[in-house]
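The data block below is protein18.cif; it holds mmCIF, C-alpha atoms.
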```
data_upload
#
loop_
_atom_site.label_atom_id
_atom_site.label_comp_id
_atom_site.auth_asym_id
_atom_site.auth_seq_id
_atom_site.Cartn_x
_atom_site.Cartn_y
_atom_site.Cartn_z
CA MET A 30 -53.10 -148.79 13.18
CA SER A 31 -53.22 -151.21 10.29
CA ILE A 32 -52.58 -154.83 9.44
CA LYS A 33 -48.99 -155.27 8.27
CA VAL A 34 -48.57 -158.04 5.71
CA LYS A 35 -45.10 -159.20 4.70
CA VAL A 36 -45.20 -161.17 1.47
CA GLU A 37 -42.05 -163.31 1.59
CA ILE A 38 -42.12 -164.17 -2.08
CA SER A 39 -39.62 -162.73 -4.53
CA PRO A 40 -39.89 -159.78 -5.10
CA TYR A 41 -40.48 -159.17 -1.39
CA GLN A 42 -43.46 -156.87 -0.71
CA GLU A 43 -45.11 -155.25 2.26
CA HIS A 44 -48.78 -154.25 2.40
CA HIS A 45 -50.90 -152.41 4.93
CA PHE A 46 -54.66 -152.69 5.41
CA GLU A 47 -56.66 -150.23 7.45
CA LYS A 48 -59.29 -152.73 8.58
CA GLY A 49 -59.10 -156.15 10.21
CA MET A 50 -60.18 -159.08 8.05
CA LYS A 51 -60.16 -162.87 7.74
CA VAL A 52 -57.16 -164.64 6.20
CA ASP A 53 -59.09 -165.83 3.12
CA LYS A 54 -60.26 -162.23 2.47
CA LEU A 55 -56.68 -161.00 2.87
CA LEU A 56 -55.45 -163.43 0.21
CA LYS A 57 -58.27 -162.36 -2.12
CA GLU A 58 -57.31 -158.70 -1.63
CA LEU A 59 -53.74 -159.58 -2.60
CA GLN A 60 -54.93 -161.79 -5.48
CA LEU A 61 -53.01 -164.76 -4.13
CA ASN A 62 -54.08 -168.34 -4.76
CA PRO A 63 -54.50 -170.01 -1.33
CA GLU A 64 -53.03 -173.21 -2.80
CA ASN A 65 -49.73 -171.40 -3.42
CA VAL A 66 -49.15 -169.93 0.05
CA ILE A 67 -49.42 -170.32 3.81
CA VAL A 68 -50.11 -167.46 6.23
CA ILE A 69 -48.19 -167.23 9.50
CA LYS A 70 -48.48 -165.00 12.57
CA GLY A 71 -45.30 -165.27 14.66
CA LYS A 72 -44.72 -169.03 14.56
CA GLN A 73 -48.40 -169.87 14.29
CA LEU A 74 -50.09 -171.18 11.15
CA LEU A 75 -53.31 -169.30 10.38
CA ALA A 76 -56.49 -170.94 9.07
CA PRO A 77 -58.57 -169.35 6.27
CA ASP A 78 -61.23 -168.19 8.76
CA ASP A 79 -58.78 -166.76 11.34
CA TRP A 80 -59.24 -163.04 11.91
CA VAL A 81 -56.30 -160.67 11.59
CA GLU A 82 -56.72 -157.53 13.72
CA THR A 83 -55.31 -154.10 13.04
CA GLY A 84 -51.97 -153.72 14.81
CA GLU A 85 -51.02 -157.31 13.99
CA GLU A 86 -48.35 -158.47 11.57
CA VAL A 87 -48.60 -161.57 9.38
CA SER A 88 -46.26 -163.19 6.86
CA ILE A 89 -47.25 -164.88 3.65
CA ARG A 90 -44.87 -167.60 2.49
CA SER A 91 -44.86 -169.44 -0.84
CA VAL A 92 -45.17 -173.22 -0.62
CA ILE A 93 -43.85 -173.78 -4.14
CA SER A 94 -40.35 -175.05 -4.57
CA GLY A 95 -38.90 -175.48 -8.01
CA GLY A 96 -36.11 -176.92 -10.00
CA MET B 13 -63.91 -173.68 11.13
CA LYS B 14 -64.16 -176.97 13.04
CA CYS B 15 -62.12 -180.16 12.80
CA THR B 16 -63.98 -182.81 10.82
CA LYS B 17 -62.92 -185.43 13.37
CA CYS B 18 -63.14 -183.85 16.83
CA LYS B 19 -65.03 -180.56 16.26
CA GLY B 20 -62.14 -178.66 17.88
CA LYS B 21 -60.68 -175.58 16.18
CA ALA B 22 -59.38 -176.53 12.73
CA ILE B 23 -56.09 -175.05 11.56
CA ILE B 24 -56.14 -176.35 8.00
CA LYS B 25 -58.75 -176.89 5.33
CA LEU B 26 -58.22 -179.68 2.78
CA PRO B 27 -60.92 -179.18 0.13
CA GLN B 28 -59.54 -182.11 -1.93
CA HIS B 29 -60.61 -184.45 0.88
CA ASN B 30 -63.61 -182.34 1.96
CA ALA B 31 -61.95 -182.14 5.39
CA ARG B 32 -60.73 -179.65 7.99
CA PHE B 33 -58.34 -180.70 10.73
CA CYS B 34 -57.02 -179.51 14.09
CA LYS B 35 -53.25 -179.91 14.65
CA THR B 36 -53.57 -183.39 16.19
CA HIS B 37 -55.79 -184.79 13.45
CA PHE B 38 -53.84 -183.09 10.67
CA GLU B 39 -50.69 -184.85 11.91
CA GLU B 40 -52.55 -188.14 12.16
CA TYR B 41 -53.82 -187.66 8.58
CA PHE B 42 -50.32 -186.68 7.36
CA LEU B 43 -48.59 -189.72 8.89
CA ASN B 44 -51.34 -191.98 7.55
CA GLN B 45 -50.79 -190.69 4.01
CA VAL B 46 -47.08 -191.54 4.29
CA LYS B 47 -47.83 -194.98 5.80
CA LYS B 48 -50.29 -195.63 2.97
CA ALA B 49 -47.72 -194.78 0.28
CA VAL B 50 -44.97 -196.81 1.96
CA LYS B 51 -47.26 -199.85 2.23
CA LYS B 52 -48.96 -199.65 -1.17
CA TYR B 53 -45.75 -199.24 -3.14
CA LYS B 54 -43.66 -201.52 -0.87
CA MET B 55 -41.16 -198.73 -0.31
CA ILE B 56 -39.23 -199.87 2.76
CA GLY B 57 -38.51 -203.49 3.61
CA LYS B 58 -38.00 -204.88 7.09
CA ASP B 59 -34.60 -203.85 8.54
CA GLU B 60 -33.75 -201.71 5.50
CA LYS B 61 -31.62 -198.66 6.25
CA VAL B 62 -32.89 -195.46 4.63
CA LEU B 63 -30.80 -192.55 3.38
CA VAL B 64 -32.93 -189.38 3.28
CA ALA B 65 -31.74 -186.84 0.73
CA VAL B 66 -32.05 -183.51 2.58
CA SER B 67 -31.70 -180.04 1.12
CA GLY B 68 -32.79 -177.84 4.04
CA GLY B 69 -36.16 -177.35 2.32
CA LYS B 70 -39.51 -178.19 3.87
CA ASP B 71 -40.18 -181.46 2.06
CA SER B 72 -36.96 -183.30 2.80
CA LEU B 73 -36.81 -182.24 6.46
CA VAL B 74 -40.48 -183.12 6.97
CA LEU B 75 -39.85 -186.49 5.30
CA TRP B 76 -36.93 -187.20 7.64
CA GLU B 77 -39.05 -186.19 10.65
CA VAL B 78 -41.94 -188.45 9.60
CA LEU B 79 -39.76 -191.49 8.79
CA HIS B 80 -38.02 -191.02 12.15
CA ARG B 81 -41.38 -190.79 13.95
CA LEU B 82 -42.63 -193.90 12.17
CA GLY B 83 -39.64 -195.78 13.57
CA TYR B 84 -37.55 -196.25 10.42
CA ASN B 85 -33.77 -196.31 10.57
CA ALA B 86 -33.38 -193.11 8.52
CA GLU B 87 -30.23 -191.03 8.24
CA GLY B 88 -29.67 -187.85 6.23
CA PHE B 89 -27.47 -186.87 3.32
CA TYR B 90 -26.81 -183.26 2.38
CA ILE B 91 -24.88 -182.13 -0.69
CA ASP B 92 -23.37 -178.65 -0.49
CA LEU B 93 -23.85 -177.41 -4.06
CA GLY B 94 -21.73 -174.32 -3.54
CA ILE B 95 -24.56 -171.81 -4.06
CA GLU B 96 -23.01 -169.19 -1.79
CA GLU B 97 -25.20 -167.98 1.11
CA TYR B 98 -28.10 -170.24 0.06
CA SER B 99 -25.99 -173.40 0.54
CA ARG B 100 -24.47 -172.15 3.79
CA HIS B 101 -27.90 -171.43 5.26
CA SER B 102 -29.46 -174.70 4.09
CA LEU B 103 -26.60 -176.80 5.52
CA GLU B 104 -26.96 -175.00 8.85
CA LEU B 105 -30.70 -175.84 8.92
CA CYS B 106 -30.01 -179.51 8.16
CA ARG B 107 -27.36 -179.68 10.90
CA ASP B 108 -29.68 -178.01 13.43
CA PHE B 109 -32.45 -180.44 12.54
CA ALA B 110 -30.20 -183.51 12.87
CA ASP B 111 -28.54 -182.31 16.09
CA SER B 112 -31.86 -181.49 17.78
CA ARG B 113 -33.07 -185.06 17.14
CA ASN B 114 -29.75 -186.77 17.60
CA LEU B 115 -29.81 -188.07 14.01
CA GLN B 116 -26.88 -188.83 11.73
CA LEU B 117 -26.26 -186.41 8.85
CA ASN B 118 -23.80 -187.31 6.06
CA THR B 119 -22.47 -184.33 4.11
CA VAL B 120 -20.53 -183.90 0.88
CA SER B 121 -19.31 -180.63 -0.60
CA LEU B 122 -19.42 -180.29 -4.40
CA PRO B 123 -16.79 -177.50 -4.41
CA GLY B 124 -14.73 -179.72 -2.08
CA LEU B 125 -14.99 -182.66 -4.51
CA THR B 126 -14.60 -180.82 -7.79
CA GLY B 127 -13.37 -177.30 -7.05
CA TYR B 128 -16.56 -175.91 -8.61
CA GLY B 129 -20.04 -174.92 -7.47
CA ILE B 130 -23.15 -175.84 -9.45
CA ARG B 131 -23.26 -172.46 -11.22
CA GLU B 132 -19.77 -172.93 -12.70
CA ILE B 133 -20.41 -176.58 -13.54
CA SER B 134 -23.59 -175.60 -15.35
CA GLN B 135 -21.76 -172.97 -17.39
CA LYS B 136 -18.75 -175.14 -18.20
CA THR B 137 -20.83 -178.17 -19.24
CA ARG B 138 -23.58 -176.18 -21.00
CA ARG B 139 -26.38 -177.73 -18.98
CA THR B 140 -29.14 -175.79 -17.21
CA PRO B 141 -28.39 -175.49 -13.46
CA CYS B 142 -31.40 -177.72 -12.60
CA SER B 143 -30.30 -180.40 -15.05
CA ALA B 144 -26.69 -180.39 -13.79
CA CYS B 145 -27.91 -180.38 -10.19
CA GLY B 146 -30.28 -183.31 -10.81
CA LEU B 147 -27.59 -185.42 -12.46
CA ILE B 148 -25.02 -184.74 -9.72
CA LYS B 149 -27.48 -185.41 -6.90
CA ARG B 150 -28.77 -188.67 -8.38
CA TYR B 151 -25.21 -189.90 -8.84
CA LEU B 152 -23.92 -188.91 -5.40
CA PHE B 153 -27.03 -190.24 -3.60
CA ASN B 154 -26.61 -193.64 -5.23
CA ARG B 155 -22.88 -193.80 -4.74
CA LEU B 156 -22.93 -192.74 -1.11
CA ALA B 157 -25.84 -195.08 -0.30
CA LEU B 158 -23.99 -197.95 -1.89
CA GLU B 159 -20.64 -197.22 -0.27
CA ARG B 160 -22.12 -196.70 3.20
CA GLY B 161 -24.62 -199.57 3.26
CA TYR B 162 -28.06 -197.98 2.78
CA GLN B 163 -30.66 -200.08 0.95
CA VAL B 164 -33.12 -197.25 0.22
CA ILE B 165 -32.80 -193.61 -0.86
CA ALA B 166 -35.82 -191.47 0.13
CA THR B 167 -36.46 -188.11 -1.51
CA GLY B 168 -38.95 -185.41 -0.51
CA HIS B 169 -40.85 -185.34 -3.82
CA ASN B 170 -44.45 -184.45 -3.03
CA LEU B 171 -47.72 -184.61 -4.93
CA ASP B 172 -47.11 -181.22 -6.57
CA ASP B 173 -43.67 -182.30 -7.78
CA GLU B 174 -45.05 -185.51 -9.22
CA ALA B 175 -48.10 -183.87 -10.80
CA ALA B 176 -45.91 -181.13 -12.33
CA THR B 177 -43.50 -183.74 -13.75
CA LEU B 178 -46.47 -185.65 -15.13
CA MET B 179 -47.86 -182.51 -16.74
CA GLY B 180 -44.46 -181.76 -18.30
CA ASN B 181 -44.11 -185.30 -19.63
CA ILE B 182 -47.64 -185.27 -21.05
CA THR B 183 -47.42 -181.87 -22.70
CA ARG B 184 -44.30 -183.03 -24.51
CA TRP B 185 -45.57 -186.63 -24.91
CA GLN B 186 -42.41 -188.11 -23.48
CA THR B 187 -43.80 -191.63 -23.29
CA ASN B 188 -40.46 -193.06 -22.24
CA TYR B 189 -40.45 -190.84 -19.15
CA LEU B 190 -44.14 -191.52 -18.53
CA SER B 191 -43.55 -195.27 -18.36
CA ARG B 192 -40.75 -194.74 -15.82
CA GLN B 193 -42.45 -192.14 -13.57
CA SER B 194 -43.20 -193.92 -10.31
CA PRO B 195 -43.21 -193.42 -6.51
CA VAL B 196 -40.66 -196.27 -6.36
CA LEU B 197 -37.73 -196.84 -8.65
CA PRO B 198 -36.62 -200.36 -7.81
CA SER B 199 -33.03 -201.46 -7.95
CA ASN B 200 -32.46 -203.04 -11.37
CA HIS B 201 -28.73 -203.58 -10.93
CA PRO B 202 -26.64 -204.73 -7.94
CA SER B 203 -25.05 -201.25 -7.82
CA MET B 204 -28.35 -199.38 -8.12
CA VAL B 205 -30.07 -198.46 -4.84
CA LYS B 206 -33.89 -198.36 -4.67
CA LYS B 207 -35.36 -194.84 -4.67
CA ILE B 208 -38.66 -193.92 -2.99
CA LYS B 209 -40.96 -190.88 -2.69
CA PRO B 210 -43.02 -191.38 0.49
CA LEU B 211 -44.60 -187.87 0.33
CA CYS B 212 -46.15 -188.50 -3.09
CA ARG B 213 -49.74 -188.31 -1.72
CA LEU B 214 -49.21 -184.96 0.07
CA THR B 215 -49.30 -181.44 -1.37
CA GLU B 216 -46.68 -178.75 -0.86
CA LYS B 217 -49.19 -176.77 1.13
CA GLU B 218 -49.55 -179.76 3.47
CA THR B 219 -45.78 -180.30 3.86
CA SER B 220 -45.25 -176.55 4.52
CA SER B 221 -48.05 -176.57 7.09
CA PHE B 222 -46.64 -179.68 8.78
CA ALA B 223 -43.22 -178.00 9.01
CA VAL B 224 -44.60 -174.81 10.58
CA LEU B 225 -46.86 -176.71 13.01
CA ASN B 226 -43.91 -178.81 14.18
CA GLY B 227 -41.42 -175.97 14.48
CA ILE B 228 -39.21 -177.35 11.71
CA ASN B 229 -37.04 -174.49 10.45
CA TYR B 230 -36.52 -174.77 6.71
CA ILE B 231 -35.19 -172.63 3.91
CA TYR B 232 -38.20 -171.10 2.18
CA GLU B 233 -36.45 -168.79 -0.23
CA GLU B 234 -36.45 -170.20 -3.74
CA CYS B 235 -33.13 -171.64 -4.94
CA PRO B 236 -31.58 -168.65 -6.79
CA LEU B 237 -30.67 -170.91 -9.70
CA ALA B 238 -34.20 -172.35 -10.11
CA GLU B 239 -35.77 -169.02 -11.07
CA GLY B 240 -37.86 -169.42 -14.21
CA ALA B 241 -37.84 -173.25 -13.99
CA ARG B 242 -40.69 -174.73 -16.02
CA SER B 243 -41.73 -176.94 -13.08
CA ILE B 244 -42.80 -173.80 -11.19
CA LEU B 245 -45.05 -172.77 -14.08
CA TYR B 246 -46.66 -176.23 -14.09
CA LYS B 247 -47.17 -176.12 -10.33
CA LYS B 248 -48.87 -172.72 -10.49
CA THR B 249 -51.08 -173.90 -13.33
CA LEU B 250 -52.09 -177.04 -11.42
CA ASN B 251 -52.76 -174.96 -8.29
CA TYR B 252 -55.01 -172.66 -10.33
CA LEU B 253 -57.00 -175.72 -11.37
CA GLU B 254 -56.92 -177.12 -7.82
CA ASN B 255 -58.30 -173.92 -6.33
CA ASN B 256 -61.19 -173.93 -8.78
CA SER B 257 -61.71 -177.68 -8.79
CA PRO B 258 -60.41 -179.31 -5.57
CA GLY B 259 -58.98 -182.80 -5.98
CA THR B 260 -57.57 -182.16 -9.47
CA LYS B 261 -53.94 -182.88 -8.54
CA ILE B 262 -54.48 -186.10 -6.62
CA GLN B 263 -56.91 -187.43 -9.24
CA PHE B 264 -54.48 -186.52 -12.02
CA TYR B 265 -51.55 -188.27 -10.34
CA LEU B 266 -53.21 -191.32 -8.80
CA GLY B 267 -55.28 -191.86 -11.97
CA PHE B 268 -52.04 -191.91 -13.94
CA LEU B 269 -50.42 -194.43 -11.58
CA LYS B 270 -53.46 -196.68 -11.84
CA GLN B 271 -53.46 -196.72 -15.63
CA LYS B 272 -49.85 -196.16 -16.60
CA THR B 273 -48.87 -199.81 -17.08
CA GLU B 274 -51.64 -200.20 -19.62
CA LEU B 275 -51.28 -196.77 -21.25
CA PHE B 276 -47.51 -196.47 -21.21
CA PRO B 277 -46.02 -199.98 -21.05
CA GLN B 278 -42.38 -200.03 -20.12
CA GLU B 279 -40.10 -200.81 -23.01
CA SER B 280 -37.73 -203.69 -22.40
CA GLU B 281 -35.05 -202.71 -19.92
CA THR B 282 -31.78 -201.59 -21.42
CA ASP B 283 -28.97 -203.72 -20.03
CA LEU B 284 -26.94 -201.79 -17.51
CA SER B 285 -23.19 -202.20 -17.34
CA VAL B 286 -20.74 -200.31 -15.15
CA CYS B 287 -18.87 -197.10 -15.85
CA ARG B 288 -15.25 -197.62 -16.91
CA ILE B 289 -14.12 -194.89 -14.51
CA CYS B 290 -16.25 -195.09 -11.35
CA HIS B 291 -17.94 -198.53 -11.68
CA GLN B 292 -21.41 -197.05 -11.09
CA PRO B 293 -24.27 -198.46 -13.23
CA THR B 294 -24.73 -196.91 -16.67
CA THR B 295 -25.88 -197.77 -20.17
CA LEU B 296 -22.75 -196.11 -21.61
CA GLU B 297 -19.06 -196.83 -21.41
CA VAL B 298 -18.54 -193.73 -19.26
CA CYS B 299 -21.48 -192.62 -17.07
CA ALA B 300 -23.02 -189.14 -17.43
CA PHE B 301 -21.43 -187.96 -14.17
CA CYS B 302 -17.89 -189.02 -15.11
CA ASN B 303 -18.49 -187.56 -18.56
CA MET B 304 -19.34 -184.27 -16.86
CA MET B 305 -16.22 -184.50 -14.69
CA GLU B 306 -14.10 -185.13 -17.79
CA LYS B 307 -15.50 -181.93 -19.33
CA LEU B 308 -14.34 -180.14 -16.17
CA GLY B 309 -10.89 -181.67 -16.59
CA LEU B 310 -11.29 -183.88 -13.51
CA GLU B 311 -10.52 -187.53 -12.92
CA LYS B 312 -12.25 -190.06 -10.68
CA ILE B 313 -14.00 -188.49 -7.70
CA THR B 314 -13.43 -189.96 -4.25
CA LEU B 315 -16.19 -189.44 -1.66
#
```
Output the file's structure as structure tokens, nothing else.
Amino acid sequence: MSIKVKVEISPYQEHHFEKGMKVDKLLKELQLNPENVIVIKGKQLLAPDDWVETGEEVSIRSVISGG
Amino acid sequence: MKCTKCKGKAIIKLPQHNARFCKTHFEEYFLNQVKKAVKKYKMIGKDEKVLVAVSGGKDSLVLWEVLHRLGYNAEGFYIDLGIEEYSRHSLELCRDFADSRNLQLNTVSLPGLTGYGIREISQKTRRTPCSACGLIKRYLFNRLALERGYQVIATGHNLDDEAATLMGNITRWQTNYLSRQSPVLPSNHPSMVKKIKPLCRLTEKETSSFAVLNGINYIYEECPLAEGARSILYKKTLNYLENNSPGTKIQFYLGFLKQKTELFPQESETDLSVCRICHQPTTLEVCAFCNMMEKLGLEKITL
């Protein structure tokens, strides 16, 4: 069992982590600036101190729109 | 993490305001920021009808939702730019949003009007896709608002958009653009409709969070034609600064607005006349839009 993280930013990526961790730690592990993204579980917005358990799936979505 | 206001569970941290909010107090904060902008910059007058420019993205749909909740008479306008699947999906999201709230959505198709999508227009007129898109949207928003009786055009530009534009204008010292950059562009001609940016005090992270918390489905894939746009580089740079020094973006933007009249005084207004072809306001004999249509071999466009 691992955490499944779908990074919905081009190019699309998928990561797996063996241990549960907080959202802010997860973003650090992926070297993502928390100002650039939001983290979602199902339809729920996750806070930086929310814990993600093994066996759960979260999505990371960019907040930046361009043009 | 506890809500600064009620000590309930916080769902968002806003380091720039040294605050954390639960869903209820985040929404209260969010609506207050919009109310503040609308009031301070005198964006919407009593009984004025607002046309919200919607793209299917988070900012414009959130803006429409908020103006609707605040009791404004706000209707939507979507332009199908003919960007294949991206346009199809974004129109569907706008329609779903409008239908679920029983709101009026006006739509116009660029391929329907001209026979071309934005990609072809950009190639044929030798403009970047973002530049061609900007010109076409500004023109069609104004013309539709005028023809259908809207007094205000509202766009979803947020704090990040405004700060990135400011950074671009400063790095290239475009003082002319700096003097004109504003949350409100008043009507300076009978055929020019006032344009407003009510989300100018809110970050993209906040508008995205508001959308998710309120179940607003939006298109979150980047526009395929905007890849490599300089505005994205500026936004990432500003967010790097923001993460290391919270409050940078709002201080940068609001500080500019406070001092811009003194630092970048507006040059005397160029007299506007009307385009020989479409009668829309312009400083030239033929406006930039009709000029673009001429390059495509097209005559006057009827909405």
Next on the checklist: Residues near stretch 245-258 of chain B, anyone? I mean within 12 Å using all atoms listed in the file, not counting same-chain ones fewer than 5 positions away, as a count of residues only.
Outcome noted: 43
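The interatomic distance for the pair atom CA of B:Lys35 and atom CA of B:Lys51 works out to 24.2 Å.
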Next on the checklist: With the PyMOL selection byres ((chain A and resi 88) around 8) as the selection, what would be picked from this file? Answer as a PyMOL selection string, please.
Outcome noted: chain A and resi 34-37+68-70+86-87+89-90
Next on the checklist: Report as a ChimeraX atom specification all protein, DNA and RNA residues lying within 12 Å of B:Glu159, evaluated on all atoms listed in the file, omitting residues in the same chain fewer than 6 positions from it.
Outcome noted: /B:63,152-153,203-205,291-292,314-315
Next on the checklist: Report as a ChimeraX atom specification all protein, DNA and RNA residues lying within 12 Å of stretch 76-83 of chain B, evaluated on all atoms listed in the file, omitting residues in the same chain fewer than 6 positions from it.
Outcome noted: /B:39-47,50,55-56,58-70,89,106,109-110,112-117,165-168,209-211,219,222-223,226-229
Checklist entry - Quick one, how far is atom CA of B:Lys21 from atom CA of A:Asp79? => result 10.2 Å
Checklist entry - How far is it from atom CA of B:Ser285 to atom CA of B:Ala300, in Å with one decimal? => result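 For atom CA of B:Ser285 relative to atom CA of B:Ala300, the distance reads 13.1 Å.
This file, queried with the PyMOL selection byres ((chain B and resi 283) around 10), gives the residues Asn200, His201, Ser280, Glu281, Thr282, Leu284, Ser285, Pro293, Thr294, Thr295 and Leu296 of chain B.
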Checklist entry - With only C-alpha atoms as the atoms that count, which of A:Ile32, A:Ile67, A:Ala76, A:Val81 lies nearest to A:Glu47? => result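 Going through A:Ile32, A:Ile67, A:Ala76, A:Val81 one by one, the smallest distance to A:Glu47 is for A:Ile32.
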Resolved residues for the PyMOL selection byres ((chain B and resi 133-138) around 10) as a tab-separated table (two decimals) with C-alpha atoms, in the coordinates of the input:
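Okay, this is what ended up in selection_28.tsv:
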```tsv
chain	number	residue	atom	x	y	z
B	122	LEU	CA	-19.42	-180.29	-4.40
B	123	PRO	CA	-16.79	-177.50	-4.41
B	126	THR	CA	-14.60	-180.82	-7.79
B	127	GLY	CA	-13.37	-177.30	-7.05
B	128	TYR	CA	-16.56	-175.91	-8.61
B	129	GLY	CA	-20.04	-174.92	-7.47
B	130	ILE	CA	-23.15	-175.84	-9.45
B	131	ARG	CA	-23.26	-172.46	-11.22
B	132	GLU	CA	-19.77	-172.93	-12.70
B	139	ARG	CA	-26.38	-177.73	-18.98
B	140	THR	CA	-29.14	-175.79	-17.21
B	141	PRO	CA	-28.39	-175.49	-13.46
B	142	CYS	CA	-31.40	-177.72	-12.60
B	143	SER	CA	-30.30	-180.40	-15.05
B	144	ALA	CA	-26.69	-180.39	-13.79
B	145	CYS	CA	-27.91	-180.38	-10.19
B	303	ASN	CA	-18.49	-187.56	-18.56
B	304	MET	CA	-19.34	-184.27	-16.86
B	305	MET	CA	-16.22	-184.50	-14.69
B	306	GLU	CA	-14.10	-185.13	-17.79
B	307	LYS	CA	-15.50	-181.93	-19.33
B	308	LEU	CA	-14.34	-180.14	-16.17
```
Checklist entry - Hey, which of B:Ser243, B:Met13, B:Glu234, B:Lys52 ends up closest to B:Val196? Count all atoms listed in the file. => result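 Comparing B:Ser243, B:Met13, B:Glu234, B:Lys52 against B:Val196, the winner is B:Lys52.
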Checklist entry - Taking into account all atoms listed in the file, which residue in the set B:Thr260, B:Ser221, B:Asn188, B:Gln278 is nearest to chain A? => result B:Ser221
Next on the checklist: At a cut-off of 9 Å around the point (-58.8, -154.3, 2.5) (file coordinates), what residues fall inside when counting all atoms listed in the file? I'd like the answer as an MDAnalysis selection string.
Outcome noted: chainID A and resid 45:50 54:55 58:59
May I have the centre and edge lengths, in Å to one decimal, of an axis-aligned box around the listed atoms of stretch 60-79 of chain A with 3 Å added to every side, as JSON?
```
{"center_x": -53.0, "center_y": -167.5, "center_z": 4.6, "size_x": 22.5, "size_y": 17.4, "size_z": 26.1}
```
Next on the checklist: From the options A:Ser39, A:Trp80, A:Lys33, A:Lys57, which residue's atoms come nearest to chain B, counting all atoms listed in the file?
Outcome noted: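 Smallest separation from chain B among the options: A:Ser39.
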Next on the checklist: Here is a test: counting only C-alpha atoms, which residue of B:Leu103, B:Asp71, B:Ala49, B:Gly309 is nearest to chain A?
Outcome noted: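 Result for the nearest residue to chain A: B:Asp71.
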